[in-house]
$ cat input38.pdb   # PDB, C-alpha atoms, pLDDT in the B column
ATOM      1  CA  MET A   1     -20.144  27.515   9.183  1.00 93.00           C
ATOM      2  CA  ARG A   2     -22.605  27.940   6.388  1.00 92.00           C
ATOM      3  CA  LEU A   3     -24.570  24.785   6.811  1.00 92.00           C
ATOM      4  CA  GLU A   4     -26.732  25.241   3.720  1.00 90.00           C
ATOM      5  CA  TYR A   5     -23.592  25.401   1.579  1.00 91.00           C
ATOM      6  CA  PHE A   6     -21.961  22.453   3.320  1.00 92.00           C
ATOM      7  CA  GLN A   7     -19.230  24.745   4.604  1.00 95.00           C
ATOM      8  CA  LEU A   8     -18.643  23.008   7.915  1.00 96.00           C
ATOM      9  CA  ILE A   9     -15.381  24.618   8.939  1.00 96.00           C
ATOM     10  CA  ASP A  10     -14.483  28.293   9.125  1.00 97.00           C
ATOM     11  CA  ARG A  11     -10.718  28.457   9.429  1.00 97.00           C
ATOM     12  CA  ILE A  12      -7.728  26.168   9.624  1.00 97.00           C
ATOM     13  CA  THR A  13      -5.799  27.262  12.695  1.00 97.00           C
ATOM     14  CA  ASP A  14      -2.978  24.741  12.629  1.00 96.00           C
ATOM     15  CA  LEU A  15      -1.452  22.415  10.070  1.00 97.00           C
ATOM     16  CA  ASN A  16       1.577  20.282  10.849  1.00 96.00           C
ATOM     17  CA  LEU A  17       2.855  18.124   8.010  1.00 95.00           C
ATOM     18  CA  ASN A  18       5.524  16.576  10.225  1.00 95.00           C
ATOM     19  CA  ASP A  19       3.069  15.254  12.763  1.00 96.00           C
ATOM     20  CA  LEU A  20       0.365  14.973  10.085  1.00 97.00           C
ATOM     21  CA  THR A  21      -2.135  16.858  12.193  1.00 98.00           C
ATOM     22  CA  ILE A  22      -4.596  19.656  11.560  1.00 98.00           C
ATOM     23  CA  ARG A  23      -6.939  21.809  13.621  1.00 98.00           C
ATOM     24  CA  ALA A  24      -9.831  23.975  12.541  1.00 98.00           C
ATOM     25  CA  GLU A  25     -12.374  26.378  13.973  1.00 98.00           C
ATOM     26  CA  ALA A  26     -15.994  25.664  13.276  1.00 98.00           C
ATOM     27  CA  ASN A  27     -18.583  28.010  14.695  1.00 98.00           C
ATOM     28  CA  VAL A  28     -22.145  26.771  14.662  1.00 97.00           C
ATOM     29  CA  PRO A  29     -24.444  29.537  13.398  1.00 97.00           C
ATOM     30  CA  GLN A  30     -27.158  30.948  15.620  1.00 96.00           C
ATOM     31  CA  ALA A  31     -29.704  30.489  12.869  1.00 94.00           C
ATOM     32  CA  SER A  32     -30.090  28.079   9.987  1.00 95.00           C
ATOM     33  CA  THR A  33     -32.988  26.524   8.126  1.00 94.00           C
ATOM     34  CA  ILE A  34     -31.553  23.176   9.214  1.00 95.00           C
ATOM     35  CA  PHE A  35     -32.520  23.970  12.780  1.00 96.00           C
ATOM     36  CA  GLU A  36     -36.132  24.391  11.695  1.00 94.00           C
ATOM     37  CA  GLY A  37     -36.273  20.660  11.145  1.00 94.00           C
ATOM     38  CA  HIS A  38     -33.598  19.456  13.544  1.00 95.00           C
ATOM     39  CA  PHE A  39     -35.520  19.852  15.723  1.00 96.00           C
ATOM     40  CA  PRO A  40     -38.652  22.033  15.804  1.00 95.00           C
ATOM     41  CA  GLY A  41     -38.505  23.910  19.102  1.00 94.00           C
ATOM     42  CA  HIS A  42     -35.233  22.245  20.080  1.00 97.00           C
ATOM     43  CA  PRO A  43     -32.441  23.199  17.648  1.00 97.00           C
ATOM     44  CA  LEU A  44     -29.445  20.866  17.629  1.00 97.00           C
ATOM     45  CA  MET A  45     -26.477  20.542  15.301  1.00 97.00           C
ATOM     46  CA  PRO A  46     -27.111  17.299  13.370  1.00 97.00           C
ATOM     47  CA  GLY A  47     -24.648  14.543  14.201  1.00 97.00           C
ATOM     48  CA  VAL A  48     -24.141  13.761  10.522  1.00 97.00           C
ATOM     49  CA  LEU A  49     -22.902  17.326  10.026  1.00 97.00           C
ATOM     50  CA  LEU A  50     -20.486  16.974  12.931  1.00 98.00           C
ATOM     51  CA  ILE A  51     -19.139  13.906  11.143  1.00 98.00           C
ATOM     52  CA  GLU A  52     -18.945  15.932   7.941  1.00 98.00           C
ATOM     53  CA  ALA A  53     -16.992  18.638   9.806  1.00 98.00           C
ATOM     54  CA  MET A  54     -14.496  15.988  10.917  1.00 98.00           C
ATOM     55  CA  ALA A  55     -14.319  14.616   7.377  1.00 98.00           C
ATOM     56  CA  GLN A  56     -13.727  18.066   5.868  1.00 98.00           C
ATOM     57  CA  THR A  57     -10.996  18.859   8.362  1.00 98.00           C
ATOM     58  CA  SER A  58      -9.314  15.491   7.779  1.00 98.00           C
ATOM     59  CA  GLY A  59      -9.718  16.008   4.064  1.00 98.00           C
ATOM     60  CA  TRP A  60      -7.824  19.296   4.128  1.00 98.00           C
ATOM     61  CA  LEU A  61      -4.970  17.575   5.893  1.00 98.00           C
ATOM     62  CA  ILE A  62      -4.833  15.008   3.093  1.00 98.00           C
ATOM     63  CA  VAL A  63      -5.088  17.703   0.410  1.00 97.00           C
ATOM     64  CA  ALA A  64      -2.224  19.584   2.054  1.00 96.00           C
ATOM     65  CA  ARG A  65      -0.196  16.416   2.429  1.00 96.00           C
ATOM     66  CA  ASN A  66      -0.602  15.788  -1.307  1.00 95.00           C
ATOM     67  CA  ARG A  67       0.002  19.429  -2.230  1.00 93.00           C
ATOM     68  CA  PHE A  68      -3.286  19.646  -4.140  1.00 94.00           C
ATOM     69  CA  GLU A  69      -2.246  16.804  -6.430  1.00 95.00           C
ATOM     70  CA  ARG A  70      -4.834  14.418  -5.053  1.00 96.00           C
ATOM     71  CA  MET A  71      -8.312  14.707  -3.624  1.00 97.00           C
ATOM     72  CA  PRO A  72      -9.773  12.672  -0.754  1.00 98.00           C
ATOM     73  CA  PHE A  73     -13.300  11.309  -1.054  1.00 98.00           C
ATOM     74  CA  LEU A  74     -15.179  10.022   1.976  1.00 98.00           C
ATOM     75  CA  ALA A  75     -15.351   6.222   1.950  1.00 97.00           C
ATOM     76  CA  THR A  76     -15.932   4.888   5.473  1.00 97.00           C
ATOM     77  CA  VAL A  77     -16.827   6.287   8.871  1.00 98.00           C
ATOM     78  CA  LYS A  78     -16.021   3.955  11.751  1.00 96.00           C
ATOM     79  CA  GLU A  79     -16.511   4.172  15.464  1.00 94.00           C
ATOM     80  CA  ALA A  80     -18.324   7.466  15.212  1.00 97.00           C
ATOM     81  CA  LYS A  81     -19.298   8.533  18.701  1.00 98.00           C
ATOM     82  CA  LEU A  82     -21.502  11.547  19.299  1.00 98.00           C
ATOM     83  CA  ARG A  83     -20.850  12.249  22.933  1.00 97.00           C
ATOM     84  CA  THR A  84     -22.873  15.359  23.625  1.00 97.00           C
ATOM     85  CA  PHE A  85     -25.344  17.742  22.050  1.00 97.00           C
ATOM     86  CA  VAL A  86     -24.204  20.786  20.102  1.00 97.00           C
ATOM     87  CA  SER A  87     -26.409  23.868  20.046  1.00 97.00           C
ATOM     88  CA  PRO A  88     -26.596  26.925  17.766  1.00 97.00           C
ATOM     89  CA  GLY A  89     -23.875  29.439  18.511  1.00 97.00           C
ATOM     90  CA  GLN A  90     -21.337  27.006  19.947  1.00 98.00           C
ATOM     91  CA  ALA A  91     -17.680  27.307  18.972  1.00 98.00           C
ATOM     92  CA  LEU A  92     -16.107  24.013  17.974  1.00 98.00           C
ATOM     93  CA  VAL A  93     -12.501  22.955  17.527  1.00 98.00           C
ATOM     94  CA  VAL A  94     -12.053  20.147  15.007  1.00 98.00           C
ATOM     95  CA  SER A  95      -8.839  18.114  15.058  1.00 98.00           C
ATOM     96  CA  ALA A  96      -7.527  15.298  12.923  1.00 98.00           C
ATOM     97  CA  LYS A  97      -4.448  13.147  12.639  1.00 98.00           C
ATOM     98  CA  LEU A  98      -3.481  11.049   9.656  1.00 98.00           C
ATOM     99  CA  ALA A  99      -3.301   7.505  10.998  1.00 97.00           C
ATOM    100  CA  HIS A 100      -2.372   5.671   7.813  1.00 97.00           C
ATOM    101  CA  GLU A 101      -1.518   6.425   4.214  1.00 97.00           C
ATOM    102  CA  GLY A 102      -2.177   3.517   1.928  1.00 97.00           C
ATOM    103  CA  SER A 103      -2.027   3.232  -1.821  1.00 97.00           C
ATOM    104  CA  GLY A 104      -5.061   5.196  -2.982  1.00 97.00           C
ATOM    105  CA  PHE A 105      -6.547   5.574   0.456  1.00 98.00           C
ATOM    106  CA  ALA A 106      -5.903   7.277   3.773  1.00 98.00           C
ATOM    107  CA  ILE A 107      -7.268   6.907   7.277  1.00 98.00           C
ATOM    108  CA  ALA A 108      -7.682   9.749   9.752  1.00 98.00           C
ATOM    109  CA  GLU A 109      -8.613   9.882  13.410  1.00 98.00           C
ATOM    110  CA  ALA A 110     -10.721  12.951  13.994  1.00 98.00           C
ATOM    111  CA  SER A 111     -12.442  14.610  16.917  1.00 98.00           C
ATOM    112  CA  ILE A 112     -14.340  17.724  17.912  1.00 98.00           C
ATOM    113  CA  LYS A 113     -14.230  19.599  21.176  1.00 98.00           C
ATOM    114  CA  ALA A 114     -16.340  22.438  22.543  1.00 98.00           C
ATOM    115  CA  GLU A 115     -14.993  24.491  25.422  1.00 95.00           C
ATOM    116  CA  GLY A 116     -12.290  21.855  25.832  1.00 95.00           C
ATOM    117  CA  LYS A 117     -14.742  18.986  26.248  1.00 97.00           C
ATOM    118  CA  PRO A 118     -15.084  16.076  23.812  1.00 98.00           C
ATOM    119  CA  VAL A 119     -18.051  16.333  21.482  1.00 98.00           C
ATOM    120  CA  CYS A 120     -17.460  13.502  19.051  1.00 98.00           C
ATOM    121  CA  ASN A 121     -14.797  11.399  17.370  1.00 98.00           C
ATOM    122  CA  ALA A 122     -14.470   8.923  14.512  1.00 98.00           C
ATOM    123  CA  GLU A 123     -12.059   6.996  12.341  1.00 98.00           C
ATOM    124  CA  ILE A 124     -12.543   8.107   8.763  1.00 98.00           C
ATOM    125  CA  THR A 125     -11.310   6.413   5.590  1.00 98.00           C
ATOM    126  CA  PHE A 126     -10.920   8.294   2.324  1.00 98.00           C
ATOM    127  CA  ARG A 127     -10.244   7.174  -1.192  1.00 97.00           C
ATOM    128  CA  VAL A 128      -7.453   9.437  -2.420  1.00 97.00           C
ATOM    129  CA  MET A 129      -7.182   9.997  -6.147  1.00 96.00           C
ATOM    130  CA  PRO A 130      -6.052  12.595  -8.659  1.00 95.00           C
ATOM    131  CA  PHE A 131      -8.399  15.547  -9.083  1.00 95.00           C
ATOM    132  CA  PRO A 132     -10.910  14.544 -11.756  1.00 93.00           C
ATOM    133  CA  ASN A 133     -10.536  17.902 -13.509  1.00 94.00           C
ATOM    134  CA  LYS A 134      -8.627  21.159 -13.277  1.00 95.00           C
ATOM    135  CA  ASP A 135     -11.656  23.286 -12.451  1.00 96.00           C
ATOM    136  CA  PHE A 136     -12.333  21.196  -9.375  1.00 96.00           C
ATOM    137  CA  ARG A 137      -8.792  21.677  -8.181  1.00 96.00           C
ATOM    138  CA  VAL A 138      -8.977  25.432  -8.769  1.00 96.00           C
ATOM    139  CA  SER A 139     -12.222  25.564  -6.806  1.00 95.00           C
ATOM    140  CA  MET A 140     -10.628  23.705  -3.936  1.00 95.00           C
ATOM    141  CA  GLU A 141      -7.683  26.086  -3.954  1.00 95.00           C
ATOM    142  CA  GLN A 142     -10.158  28.961  -3.648  1.00 95.00           C
ATOM    143  CA  VAL A 143     -11.837  27.297  -0.695  1.00 96.00           C
ATOM    144  CA  ALA A 144      -8.426  26.690   0.852  1.00 96.00           C
ATOM    145  CA  ALA A 145      -7.701  30.405   0.612  1.00 95.00           C
ATOM    146  CA  ARG A 146     -11.033  31.245   2.235  1.00 96.00           C
ATOM    147  CA  ILE A 147     -10.419  28.944   5.189  1.00 96.00           C
ATOM    148  CA  GLU A 148      -6.786  30.100   5.406  1.00 95.00           C
ATOM    149  CA  LEU A 149      -5.183  26.705   4.887  1.00 94.00           C
ATOM    150  CA  PRO A 150      -1.614  27.610   5.905  1.00 90.00           C
ATOM    151  CA  LEU A 151       0.104  25.464   3.323  1.00 79.00           C
ATOM    152  CA  GLU A 152       3.171  27.633   2.901  1.00 74.00           C
ATOM    153  CA  ASN A 153       3.783  27.977   6.621  1.00 63.00           C
ATOM    154  CA  ALA A 154       3.052  24.382   7.565  1.00 65.00           C
ATOM    155  CA  ALA A 155       5.788  22.470   9.318  1.00 60.00           C
ATOM    156  CA  ASN A 156       6.805  20.022   6.662  1.00 54.00           C
ATOM    157  CA  GLY A 157      10.304  18.972   7.462  1.00 40.00           C
TER
ATOM    158  CA  MET B   1       4.611 -17.835  13.509  1.00 80.00           C
ATOM    159  CA  PRO B   2       1.644 -17.957  11.130  1.00 87.00           C
ATOM    160  CA  SER B   3       2.270 -18.074   7.400  1.00 95.00           C
ATOM    161  CA  THR B   4       1.614 -15.024   5.286  1.00 97.00           C
ATOM    162  CA  PHE B   5      -1.471 -16.736   3.877  1.00 97.00           C
ATOM    163  CA  ASP B   6      -2.815 -17.505   7.357  1.00 97.00           C
ATOM    164  CA  THR B   7      -2.335 -13.910   8.435  1.00 97.00           C
ATOM    165  CA  VAL B   8      -4.086 -12.635   5.301  1.00 98.00           C
ATOM    166  CA  ALA B   9      -6.894 -15.165   5.652  1.00 98.00           C
ATOM    167  CA  ASN B  10      -7.422 -14.217   9.279  1.00 97.00           C
ATOM    168  CA  ILE B  11      -7.534 -10.539   8.337  1.00 97.00           C
ATOM    169  CA  ILE B  12     -10.120 -11.223   5.642  1.00 97.00           C
ATOM    170  CA  ALA B  13     -12.197 -13.388   7.946  1.00 97.00           C
ATOM    171  CA  GLU B  14     -12.254 -10.743  10.640  1.00 96.00           C
ATOM    172  CA  THR B  15     -12.646  -7.717   8.380  1.00 94.00           C
ATOM    173  CA  CYS B  16     -15.324  -9.110   6.092  1.00 95.00           C
ATOM    174  CA  ASP B  17     -17.027 -11.548   8.454  1.00 95.00           C
ATOM    175  CA  ILE B  18     -16.273 -14.474   6.164  1.00 96.00           C
ATOM    176  CA  PRO B  19     -15.925 -17.947   7.765  1.00 97.00           C
ATOM    177  CA  ARG B  20     -12.224 -18.658   8.039  1.00 97.00           C
ATOM    178  CA  ASP B  21     -12.514 -22.205   6.707  1.00 96.00           C
ATOM    179  CA  THR B  22     -13.983 -20.976   3.419  1.00 96.00           C
ATOM    180  CA  ILE B  23     -10.865 -18.896   2.707  1.00 97.00           C
ATOM    181  CA  GLN B  24      -8.356 -20.979   0.798  1.00 97.00           C
ATOM    182  CA  PRO B  25      -5.039 -20.212  -0.935  1.00 97.00           C
ATOM    183  CA  GLU B  26      -6.812 -20.651  -4.273  1.00 97.00           C
ATOM    184  CA  SER B  27      -9.653 -18.287  -3.325  1.00 97.00           C
ATOM    185  CA  HIS B  28     -10.027 -15.175  -5.460  1.00 97.00           C
ATOM    186  CA  ALA B  29     -10.727 -12.284  -3.117  1.00 96.00           C
ATOM    187  CA  ILE B  30     -13.179 -10.655  -5.504  1.00 94.00           C
ATOM    188  CA  ASP B  31     -14.681 -13.486  -7.543  1.00 94.00           C
ATOM    189  CA  ASP B  32     -14.846 -16.196  -4.873  1.00 96.00           C
ATOM    190  CA  LEU B  33     -15.088 -14.279  -1.610  1.00 96.00           C
ATOM    191  CA  GLY B  34     -17.137 -11.349  -2.912  1.00 95.00           C
ATOM    192  CA  ILE B  35     -14.909  -8.694  -1.420  1.00 96.00           C
ATOM    193  CA  ASP B  36     -15.587  -5.295  -2.982  1.00 94.00           C
ATOM    194  CA  SER B  37     -13.145  -2.425  -3.373  1.00 91.00           C
ATOM    195  CA  LEU B  38     -14.311  -0.657  -0.226  1.00 93.00           C
ATOM    196  CA  ASP B  39     -13.880  -3.738   1.939  1.00 94.00           C
ATOM    197  CA  PHE B  40     -10.510  -4.278   0.321  1.00 94.00           C
ATOM    198  CA  LEU B  41      -9.379  -0.894   1.675  1.00 95.00           C
ATOM    199  CA  ASP B  42      -9.921  -2.259   5.191  1.00 95.00           C
ATOM    200  CA  ILE B  43      -8.020  -5.401   4.277  1.00 97.00           C
ATOM    201  CA  ALA B  44      -5.185  -3.394   2.741  1.00 97.00           C
ATOM    202  CA  PHE B  45      -4.993  -1.244   5.874  1.00 96.00           C
ATOM    203  CA  ALA B  46      -4.749  -4.328   8.074  1.00 97.00           C
ATOM    204  CA  ILE B  47      -2.167  -5.951   5.781  1.00 97.00           C
ATOM    205  CA  ASP B  48      -0.120  -2.741   5.654  1.00 97.00           C
ATOM    206  CA  LYS B  49      -0.092  -2.641   9.441  1.00 96.00           C
ATOM    207  CA  ALA B  50       0.541  -6.351   9.973  1.00 97.00           C
ATOM    208  CA  PHE B  51       3.500  -6.513   7.586  1.00 97.00           C
ATOM    209  CA  GLY B  52       4.817  -2.950   7.744  1.00 96.00           C
ATOM    210  CA  ILE B  53       4.398  -2.474   4.011  1.00 96.00           C
ATOM    211  CA  LYS B  54       2.258  -0.472   1.609  1.00 96.00           C
ATOM    212  CA  LEU B  55       0.329  -2.665  -0.794  1.00 97.00           C
ATOM    213  CA  PRO B  56       0.612  -0.910  -4.180  1.00 97.00           C
ATOM    214  CA  LEU B  57      -3.109  -1.147  -4.895  1.00 95.00           C
ATOM    215  CA  GLU B  58      -3.151   1.746  -7.325  1.00 95.00           C
ATOM    216  CA  GLN B  59      -0.341   0.262  -9.384  1.00 96.00           C
ATOM    217  CA  TRP B  60      -2.016  -3.151  -9.444  1.00 95.00           C
ATOM    218  CA  THR B  61      -5.358  -1.669 -10.433  1.00 93.00           C
ATOM    219  CA  GLN B  62      -3.709   0.301 -13.214  1.00 94.00           C
ATOM    220  CA  GLU B  63      -1.946  -2.788 -14.522  1.00 96.00           C
ATOM    221  CA  VAL B  64      -5.209  -4.726 -14.564  1.00 94.00           C
ATOM    222  CA  ASN B  65      -7.050  -1.869 -16.261  1.00 95.00           C
ATOM    223  CA  ASP B  66      -4.286  -1.587 -18.872  1.00 96.00           C
ATOM    224  CA  GLY B  67      -4.434  -5.324 -19.575  1.00 96.00           C
ATOM    225  CA  LYS B  68      -0.866  -5.809 -18.347  1.00 96.00           C
ATOM    226  CA  ALA B  69      -1.925  -8.106 -15.528  1.00 96.00           C
ATOM    227  CA  THR B  70      -4.914 -10.182 -14.495  1.00 95.00           C
ATOM    228  CA  THR B  71      -6.805  -9.868 -11.257  1.00 95.00           C
ATOM    229  CA  GLU B  72      -5.740 -13.466 -10.493  1.00 96.00           C
ATOM    230  CA  GLN B  73      -2.122 -12.357 -10.258  1.00 95.00           C
ATOM    231  CA  TYR B  74      -2.930 -10.055  -7.372  1.00 96.00           C
ATOM    232  CA  PHE B  75      -6.173 -11.190  -5.814  1.00 96.00           C
ATOM    233  CA  VAL B  76      -5.920 -14.975  -5.674  1.00 97.00           C
ATOM    234  CA  LEU B  77      -4.780 -15.259  -2.088  1.00 97.00           C
ATOM    235  CA  LYS B  78      -1.731 -17.448  -2.629  1.00 97.00           C
ATOM    236  CA  ASN B  79      -0.547 -14.910  -5.207  1.00 97.00           C
ATOM    237  CA  LEU B  80      -1.393 -11.996  -2.931  1.00 97.00           C
ATOM    238  CA  SER B  81       0.570 -13.686  -0.145  1.00 97.00           C
ATOM    239  CA  ALA B  82       3.562 -14.116  -2.469  1.00 97.00           C
ATOM    240  CA  ARG B  83       3.378 -10.403  -3.380  1.00 97.00           C
ATOM    241  CA  ILE B  84       3.337  -9.538   0.296  1.00 97.00           C
ATOM    242  CA  ASP B  85       6.394 -11.723   0.892  1.00 97.00           C
ATOM    243  CA  ASP B  86       8.141  -9.911  -1.964  1.00 97.00           C
ATOM    244  CA  LEU B  87       7.287  -6.518  -0.493  1.00 97.00           C
ATOM    245  CA  VAL B  88       8.469  -7.563   2.965  1.00 96.00           C
ATOM    246  CA  ALA B  89      11.715  -8.887   1.480  1.00 96.00           C
ATOM    247  CA  ALA B  90      12.213  -5.688  -0.510  1.00 95.00           C
ATOM    248  CA  LYS B  91      11.694  -3.641   2.639  1.00 88.00           C
ATOM    249  CA  GLY B  92      14.405  -5.565   4.431  1.00 79.00           C
ATOM    250  CA  ALA B  93      16.850  -5.468   1.532  1.00 76.00           C
TER
END

$ encode --input "input38.pdb" --output "structure tokens"
Amino acid sequence: MRLEYFQLIDRITDLNLNDLTIRAEANVPQASTIFEGHFPGHPLMPGVLLIEAMAQTSGWLIVARNRFERMPFLATVKEAKLRTFVSPGQALVVSAKLAHEGSGFAIAEASIKAEGKPVCNAEITFRVMPFPNKDFRVSMEQVAARIELPLENAANG
Amino acid sequence: MPSTFDTVANIIAETCDIPRDTIQPESHAIDDLGIDSLDFLDIAFAIDKAFGIKLPLEQWTQEVNDGKATTEQYFVLKNLSARIDDLVAAKGA
């Protein structure tokens, strides 16, 4: 993770376009300016950033599903439950499953675990629309390469 | 078995916290009931699930934006219910 750059996931470890599932590694850094304020003397990973990590992971599943033709934008977060605290240095596994594909929107069920134990989960709705410009798409393809989105090797029937 | 309209009205009432008795077949989802596009995503999700269809929201929106259709054709609830019936029939054909 590079929290200051909103890079909430480090690597996609599994992508299955048959089951419409994805899994990612997300390692919380030992140090970040964010921890100076959240909280002074008691650093904790902000819950909103855990939700963002779930949204980013779900989003990559939708991008892969649409073969970079369409981009998901966060619209609704429902039933978000933050079950335990996350501290600097913890290794997280973020998972998501596409629960519904509508016309122009998609809904994912996402969760995070640490050391096999549930950290948080949510139902996340995205508006899904064509990339607003080519540069944006190219930038996203570069990010996908950095996080090793395994598009070519994904099970896709 | 409830009518298509009753199912849609119940979905809207539950999703948007609108009193059920204020939702009529002639109600316009946007103009009369004040449902915005984000709330309509929840409604579309529930309708998709309830009827096993995929409401073509993008196509409808495009047609309205292009002046080829009016919002009344899709978002007055009796018309929306008729569209749903058409989609269900097409699925079974």

$ interface_residues --input "input38.pdb" --of "chain A" --to "chain B" --cutoff "7 Å" --atoms "only C-alpha atoms" --output "PDB file with C-alpha atoms, in the frame of the given file"
ATOM      1  CA  GLY A 102      -2.177   3.517   1.928  1.00 97.00           C
ATOM      2  CA  SER A 103      -2.027   3.232  -1.821  1.00 97.00           C
ATOM      3  CA  GLY A 104      -5.061   5.196  -2.982  1.00 97.00           C
TER       4      GLY A 104
END

$ atom_distance --input "input38.pdb" --atom1 "atom CA of A:Asp135" --atom2 "atom CA of A:Val77"
27.8 Å

$ resolve_selection --input "input38.pdb" --expression "the PyMOL selection byres ((chain A and resi 98) around 12)" --output "number ranges by chain"
A: 15-23, 55, 57-65, 95-97, 99-102, 105-110, 123-126

$ resolve_selection --input "input38.pdb" --expression "the PyMOL selection byres ((chain B and resi 87) around 12)" --output "number ranges by chain"
B: 4, 47-48, 51-56, 80-86, 88-93

$ resolve_selection --input "input38.pdb" --expression "the PyMOL selection byres ((chain A and resi 6) around 10)" --output "number ranges by chain"
A: 1-5, 7-9, 49, 52-53, 56

$ atom_distance --input "input38.pdb" --atom1 "atom CA of A:Phe85" --atom2 "atom CA of A:Glu36"
16.4 Å
